[in-house]
Structure formats: structure tokens, C-alpha cells
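Novice: Below you'll find upload.txt; it's compact mmCIF, C-alpha atoms.
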# COMPACT_ATOMS: atom_id res chain seq x y z
CA MET A 1 -115.51 136.27 -52.86
CA LYS A 2 -116.03 138.18 -56.11
CA GLN A 3 -113.08 138.39 -58.53
CA TYR A 4 -112.69 141.78 -60.22
CA LYS A 5 -111.56 142.17 -63.83
CA GLU A 6 -110.39 145.79 -63.90
CA TYR A 7 -108.03 147.47 -61.44
CA LYS A 8 -106.44 150.88 -61.01
CA ASP A 9 -103.54 152.30 -59.04
CA SER A 10 -104.68 153.51 -55.60
CA GLY A 11 -101.90 156.10 -55.50
CA VAL A 12 -100.63 154.63 -52.23
CA LYS A 13 -97.64 152.28 -52.43
CA TRP A 14 -98.65 149.98 -49.58
CA ILE A 15 -102.21 149.65 -50.84
CA GLY A 16 -101.29 148.99 -54.45
CA LYS A 17 -103.97 148.35 -57.06
CA ILE A 18 -107.68 148.38 -56.22
CA PRO A 19 -110.84 147.48 -58.21
CA SER A 20 -111.55 150.23 -60.74
CA HIS A 21 -114.87 151.23 -59.15
CA TRP A 22 -113.45 151.55 -55.61
CA LYS A 23 -112.40 154.94 -54.22
CA ALA A 24 -109.06 155.81 -52.66
CA VAL A 25 -109.54 158.60 -50.11
CA GLN A 26 -108.25 159.81 -46.78
CA LEU A 27 -110.12 158.58 -43.72
CA ARG A 28 -111.49 162.07 -43.05
CA ARG A 29 -113.53 161.85 -46.28
CA ILE A 30 -115.61 158.94 -44.99
CA THR A 31 -116.05 159.95 -41.35
CA LYS A 32 -118.19 162.41 -39.44
CA THR A 33 -115.38 163.09 -37.00
CA VAL A 34 -112.32 161.66 -35.26
CA ARG A 35 -112.01 162.42 -31.55
CA THR A 36 -109.49 161.57 -28.85
CA GLY A 37 -110.70 160.12 -25.57
CA THR A 38 -110.44 161.78 -22.16
CA THR A 39 -109.72 160.84 -18.57
CA PRO A 40 -111.60 162.53 -15.71
CA SER A 41 -109.34 165.05 -13.98
CA GLY A 42 -107.38 163.54 -11.13
CA VAL A 43 -108.60 160.01 -11.92
CA SER A 44 -110.60 160.17 -8.68
CA GLU A 45 -112.72 157.16 -7.71
CA ILE A 46 -115.79 159.42 -7.57
CA TYR A 47 -115.75 159.43 -11.37
CA PHE A 48 -115.98 155.63 -11.64
CA ASN A 49 -118.51 152.96 -10.77
CA LYS A 50 -119.00 149.20 -11.06
CA THR A 51 -121.71 149.81 -13.65
CA GLY A 52 -122.43 152.71 -15.96
CA LEU A 53 -121.01 154.11 -19.19
CA CYS A 54 -118.16 151.98 -20.57
CA TRP A 55 -114.76 153.69 -20.38
CA PHE A 56 -112.35 151.83 -22.63
CA THR A 57 -108.56 151.64 -22.32
CA PRO A 58 -106.07 149.69 -24.49
CA SER A 59 -106.21 146.75 -22.04
CA ASP A 60 -109.86 146.16 -23.03
CA PHE A 61 -108.96 145.36 -26.62
CA GLU A 62 -107.03 142.09 -26.29
CA ASN A 63 -107.67 140.35 -29.65
CA ASN A 64 -111.29 141.39 -29.97
CA TYR A 65 -112.80 142.99 -33.07
CA VAL A 66 -115.90 144.05 -31.12
CA LEU A 67 -116.09 145.75 -27.71
CA LEU A 68 -119.20 145.10 -25.60
CA ASP A 69 -117.99 145.92 -22.11
CA SER A 70 -115.06 147.57 -20.35
CA GLU A 71 -113.10 146.86 -17.21
CA LYS A 72 -113.93 150.34 -15.87
CA HIS A 73 -117.23 152.23 -15.97
CA LEU A 74 -118.01 155.89 -15.35
CA SER A 75 -120.30 157.25 -12.67
CA ALA A 76 -122.89 159.93 -13.52
CA LEU A 77 -120.34 162.53 -12.42
CA GLY A 78 -117.62 160.90 -14.49
CA GLU A 79 -119.78 161.06 -17.63
CA LYS A 80 -119.84 164.86 -17.32
CA LYS A 81 -116.04 164.98 -17.46
CA VAL A 82 -115.42 163.06 -20.69
CA LYS A 83 -116.22 162.99 -24.40
CA ILE A 84 -118.96 160.45 -25.13
CA PHE A 85 -118.85 158.46 -28.37
CA PRO A 86 -121.95 157.01 -30.08
CA LYS A 87 -122.63 153.31 -30.54
CA ASN A 88 -120.72 151.80 -33.50
CA SER A 89 -117.76 154.12 -33.10
CA ILE A 90 -114.47 152.59 -34.21
CA LEU A 91 -111.87 152.82 -31.45
CA MET A 92 -108.20 152.86 -32.43
CA ILE A 93 -105.23 152.83 -30.06
CA GLY A 94 -103.12 155.87 -30.92
CA ILE A 95 -99.98 155.40 -28.84
CA GLY A 96 -97.49 152.72 -27.83
CA GLY A 97 -96.63 149.23 -29.01
CA THR A 98 -100.24 148.34 -29.83
CA MET A 99 -100.82 151.55 -31.78
CA GLY A 100 -103.19 151.01 -34.71
CA LYS A 101 -105.15 148.23 -32.98
CA VAL A 102 -108.87 148.69 -33.66
CA ALA A 103 -112.25 147.42 -32.51
CA LEU A 104 -115.90 148.37 -32.95
CA ALA A 105 -117.65 149.69 -29.83
CA LYS A 106 -121.13 148.16 -29.88
CA VAL A 107 -122.23 150.46 -27.05
CA GLN A 108 -122.23 154.18 -26.35
CA CYS A 109 -118.96 154.77 -24.56
CA ALA A 110 -115.97 156.90 -23.64
CA SER A 111 -112.25 156.13 -23.58
CA ASN A 112 -108.96 157.36 -22.20
CA GLN A 113 -106.70 159.65 -24.22
CA GLN A 114 -104.67 156.76 -25.66
CA ILE A 115 -107.59 155.98 -27.96
CA ASN A 116 -109.01 157.81 -30.99
CA ALA A 117 -112.70 157.32 -31.79
CA ILE A 118 -113.59 157.23 -35.48
CA ILE A 119 -117.27 157.95 -36.20
CA PRO A 120 -117.98 156.80 -39.78
CA ASN A 121 -120.41 158.36 -42.26
CA ASN A 122 -123.75 156.71 -42.99
CA ASN A 123 -122.40 155.33 -46.28
CA VAL A 124 -119.71 153.34 -44.48
CA ASN A 125 -120.19 149.93 -42.90
CA PRO A 126 -118.41 150.24 -39.52
CA MET A 127 -117.34 146.59 -39.41
CA PHE A 128 -115.86 146.79 -42.91
CA LEU A 129 -113.75 149.72 -41.77
CA VAL A 130 -112.60 147.79 -38.69
CA TYR A 131 -111.43 144.89 -40.85
CA TYR A 132 -109.74 147.26 -43.29
CA LEU A 133 -107.85 149.14 -40.58
CA LYS A 134 -106.89 145.88 -38.89
CA CYS A 135 -105.46 144.60 -42.17
CA MET A 136 -103.43 147.80 -42.57
CA GLN A 137 -102.26 148.00 -38.93
CA ASP A 138 -98.55 147.41 -39.69
CA ASN A 139 -98.53 150.11 -42.36
CA ILE A 140 -100.42 152.54 -40.11
CA PHE A 141 -97.84 151.90 -37.39
CA LYS A 142 -95.04 152.88 -39.77
CA THR A 143 -96.71 156.22 -40.56
CA ALA A 144 -96.85 157.30 -36.90
CA ARG A 145 -94.65 159.98 -35.37
CA PHE A 146 -91.91 158.55 -33.16
CA THR A 147 -90.68 160.29 -30.04
CA THR A 148 -90.31 158.04 -27.02
CA LEU A 149 -93.36 156.12 -28.23
CA PRO A 150 -95.11 155.89 -31.61
CA ILE A 151 -98.04 158.33 -31.66
CA LEU A 152 -100.97 158.72 -34.03
CA ASN A 153 -103.01 161.82 -33.20
CA GLN A 154 -106.37 162.98 -34.55
CA LEU A 155 -104.89 164.79 -37.54
CA GLU A 156 -102.72 161.86 -38.59
CA THR A 157 -105.60 159.42 -38.09
CA LYS A 158 -107.74 161.49 -40.46
CA LYS A 159 -105.01 161.23 -43.12
CA ILE A 160 -104.93 157.40 -43.17
CA PRO A 161 -105.49 156.32 -46.81
CA ILE A 162 -108.56 154.14 -47.33
CA SER A 163 -109.63 152.11 -50.37
CA ILE A 164 -113.37 151.72 -50.16
CA PRO A 165 -116.05 150.03 -52.30
CA PRO A 166 -119.75 150.93 -52.56
CA LEU A 167 -121.79 150.30 -49.41
CA PHE A 168 -123.40 147.05 -50.61
CA GLU A 169 -119.94 145.56 -51.23
CA GLN A 170 -118.72 146.75 -47.84
CA GLN A 171 -121.65 144.95 -46.24
CA ALA A 172 -120.99 141.76 -48.22
CA ILE A 173 -117.28 141.77 -47.32
CA ALA A 174 -117.98 142.45 -43.64
CA SER A 175 -120.61 139.69 -43.51
CA TYR A 176 -118.24 137.20 -45.16
CA LEU A 177 -115.45 138.03 -42.72
CA ASP A 178 -117.80 137.92 -39.72
CA THR A 179 -118.66 134.31 -40.64
CA LYS A 180 -115.03 133.32 -41.16
CA VAL A 181 -113.82 135.00 -37.97
CA ALA A 182 -116.61 133.35 -35.94
CA LYS A 183 -115.53 129.92 -37.21
CA ILE A 184 -111.89 130.61 -36.39
CA ASP A 185 -112.82 131.82 -32.90
CA SER A 186 -114.81 128.60 -32.42
CA PHE A 187 -111.79 126.51 -33.47
CA ILE A 188 -109.57 128.46 -31.06
CA ALA A 189 -112.03 127.98 -28.18
CA THR A 190 -112.15 124.22 -28.84
CA ALA A 191 -108.35 124.02 -29.00
CA GLU A 192 -108.00 125.97 -25.75
CA LYS A 193 -110.37 123.54 -23.99
CA LYS A 194 -108.30 120.60 -25.23
CA ILE A 195 -105.09 122.26 -24.06
CA ALA A 196 -106.63 122.93 -20.64
CA ALA A 197 -107.73 119.27 -20.39
CA LEU A 198 -104.23 118.07 -21.33
CA ASP A 199 -102.65 120.41 -18.77
CA GLU A 200 -104.97 118.99 -16.11
CA LEU A 201 -104.06 115.43 -17.15
CA LYS A 202 -100.37 116.34 -16.94
CA GLN A 203 -100.79 117.67 -13.42
CA VAL A 204 -102.71 114.54 -12.35
CA THR A 205 -100.01 112.32 -13.88
CA ILE A 206 -97.23 114.23 -12.07
CA ALA A 207 -99.16 114.05 -8.79
Spit out the file's structure as C-alpha cells when you get a sec.
Specialist:
Amino acid sequence: MKQYKEYKDSGVKWIGKIPSHWKAVQLRRITKTVRTGTTPSGVSEIYFNKTGLCWFTPSDFENNYVLLDSEKHLSALGEKKVKIFPKNSILMIGIGGTMGKVALAKVQCASNQQINAIIPNNNVNPMFLVYYLKCMQDNIFKTARFTTLPILNQLETKKIPISIPPLFEQQAIASYLDTKVAKIDSFIATAEKKIAALDELKQVTIA
């Protein structure tokens, strides 16, 4: 990755110094909107289907950076009862122990009210923003309001400080990380297969 020569203070303690040509702004400055998901009234089965529009909940995230499908889908009637988010929306969990967890929705979708959808501007690479927010998850968690559970609503989400480079650098950073993450995921998958094989061998040996 490129090494920068000149840096400046971002103005945010937990971000620190950033390259001199990067901008330090609140999230609202680089997004079209931030919206909170909805659940069809009464959670009736008539609003859901085996196929249809994806309706994401925190359980769909796991450790994924990209969301392609959801456990639950909305029926045609269910779609009329919720807010629909465009493809490449960034979904962030806004409540509970996994608050701040993010992923990129690669499909048009909806979500329950535990999730905030961030729709970035055209001059923002969505995957770069996912990686950035993931990196800052612990700090974002600390900024949340605490009642019984930590909560990050629309207004507070919009205030999240972002350090952002020009679009071409965002794309380069996102591409670099995509390659690295794919390799790591491949290593994990191989290791899990080996563990499964060893577990099977252990069971055979015990038997």
C-alpha cells in the first residue's frame, strides 16, 4: 500500500492523524440518507415468504462483510409495509452487543428496526466505507447511548466521524482489502475442513 509523506490532525482523538489530502467529515456529509429498518405490523406470516425481497436481521450478519441473502423474505404484501433500501446500501446494527457491526447489502432489501441503512453518495466506494466502519467498530460502540442496551439511532449514525480519501484511492484500498480478505477466508475454510476431518477421526478412534 502507498506510504504518505504528509499528515494532518483529523480533529478526532480516536482517528488521529490522516494523510493531508484526505477529508475528515461526519458520515452525513458523504451519504444520501441514513434510514432505520422496519418490521411489518404484527409480524404476521402473511407478510413473509420463502422467496422474495430480503429482510435482514442481525442474525444474518455473522462475520460476513457482504450480504447476499437473508433467512427471512418478504411477501408482496410485506414489501408494502416496510422501507426498501437500494442495492449497495451499507447495513449497520444499531442496538445491542453487536452494535456497530456492518455489511454491504448486494441486493435491494429491507431490514428490521435494529438495523440502520446507510446509502452512500456517488463519490463514495461502498465497500471502502464498510471496511472503514468495521475498523472503527469499537470506537463507534463507545459513542452509543446506553440505557438497558447500547443504541445508535439515525441521528447518531450520521454524526460518526469519517476520514475519507479521493474516490480512486477508496477503490484501490477496497480492492486491496477484498483480495486479502478472500485469501484469509480461503485459509479459514481449509482449516475448518481439516478440523472437521480430525473430529471425524477422533470419533472413529473412540468408537
Novice: A:Ser59, A:Asn88, A:Ser44, A:Ser163: which is nearest His21 (chain A), counting only C-alpha atoms?
Specialist: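 Once distances to His21 (chain A) are computed over only C-alpha atoms, the minimum belongs to A:Ser163.
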Novice: Select, from A:Asp178, A:Asp138, A:Asp9, A:Asp69, the residue with the minimum atom-to-atom distance to Gly97 (chain A), counting all atoms listed in the file.
Specialist: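 Comparing A:Asp178, A:Asp138, A:Asp9, A:Asp69 against Gly97 (chain A), the winner is A:Asp138.
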Novice: List as a PyMOL selection string the protein and nucleic acid residues near region 105-111 of chain A, meaning an atom at most 7 Å away when only C-alpha atoms are counted, but skip any in the same chain fewer than 4 places from it.
Specialist: chain A and resi 37-38+53-57+66-68+82-91+115
Novice: So which one's closest to Gly11 (chain A), A:Ile140, A:Ile162, A:Met92, A:Leu152? Using all atoms listed in the file, please.
Specialist: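 Nearest candidate to Gly11 (chain A) out of A:Ile140, A:Ile162, A:Met92, A:Leu152: A:Ile162.
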Novice: Quick check, in Å to one decimal: how far apart do CA of Lys134 (chain A) and CA of Lys72 (chain A) lie?
Specialist: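 According to the coordinates, CA of Lys134 (chain A) and CA of Lys72 (chain A) are separated by 24.5 Å.
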Novice: Point out the residue among A:Lys202, A:Lys159, A:Lys81, A:Lys5 with the least atom-to-atom distance to Val34 (chain A), counting only C-alpha atoms.
Specialist: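 Between A:Lys202, A:Lys159, A:Lys81, A:Lys5, the residue approaching Val34 (chain A) most closely is A:Lys159.
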Novice: Quick one: distance from CA of Gly78 (chain A) to CA of Lys50 (chain A) in Å, one decimal?
Specialist: 12.3 Å
Novice: Which neighbours of Thr143 (chain A) fall inside 9 Å, counting only C-alpha atoms, when residues of the same chain fewer than 4 positions from it are skipped, and could you give them as a list in words?
Specialist: Asn139, Leu152, Glu156 and Ile160 of chain A
Novice: By how many Å are CA of Thr33 (chain A) and CA of Gly94 (chain A) apart?
Specialist: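 Separation of CA of Thr33 (chain A) and CA of Gly94 (chain A): 15.5 Å.
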Novice: Set the distance at 10 Å and use all atoms listed in the file: which residues neighbour Trp22 (chain A) once local chain neighbours fewer than 3 positions away are removed? I'd like the list as a list in words.
Specialist: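 Answer for this query is Tyr7, Lys8, Ser10, Ile18, Pro19, Val25, Ile162, Ser163, Ile164, Pro165, Pro166 and Glu169 of chain A.
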Novice: With all atoms listed in the file as the basis for distance, which of A:Thr51, A:Ser175, A:Thr36, A:Gln203 is at the shortest distance from Met127 (chain A)?
Specialist: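 Answer, going by the shortest atom-to-atom distance: A:Ser175.
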Novice: Nearest to Thr98 (chain A): which of A:Ile188, A:Ile46, A:Ala76, A:Ile151 is it, counting only C-alpha atoms?
Specialist: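 Distance minimum relative to Thr98 (chain A) lands on A:Ile151.
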Novice: Just the residues within 7 Å of Ile93 (chain A), please, counting all atoms listed in the file, with nothing from its chain fewer than 5 positions along; format it as JSON, numbers by chain.
Specialist: {"A": [58, 98, 99, 100, 101, 102, 114, 115, 116]}
Novice: I want to know what sits within 7 Å of Val124 (chain A), based on all atoms listed in the file, with residues of the same chain fewer than 2 positions away left out; could you give that as an NGL selection string?
Specialist: :A and (30 or 120-122 or 126 or 167)
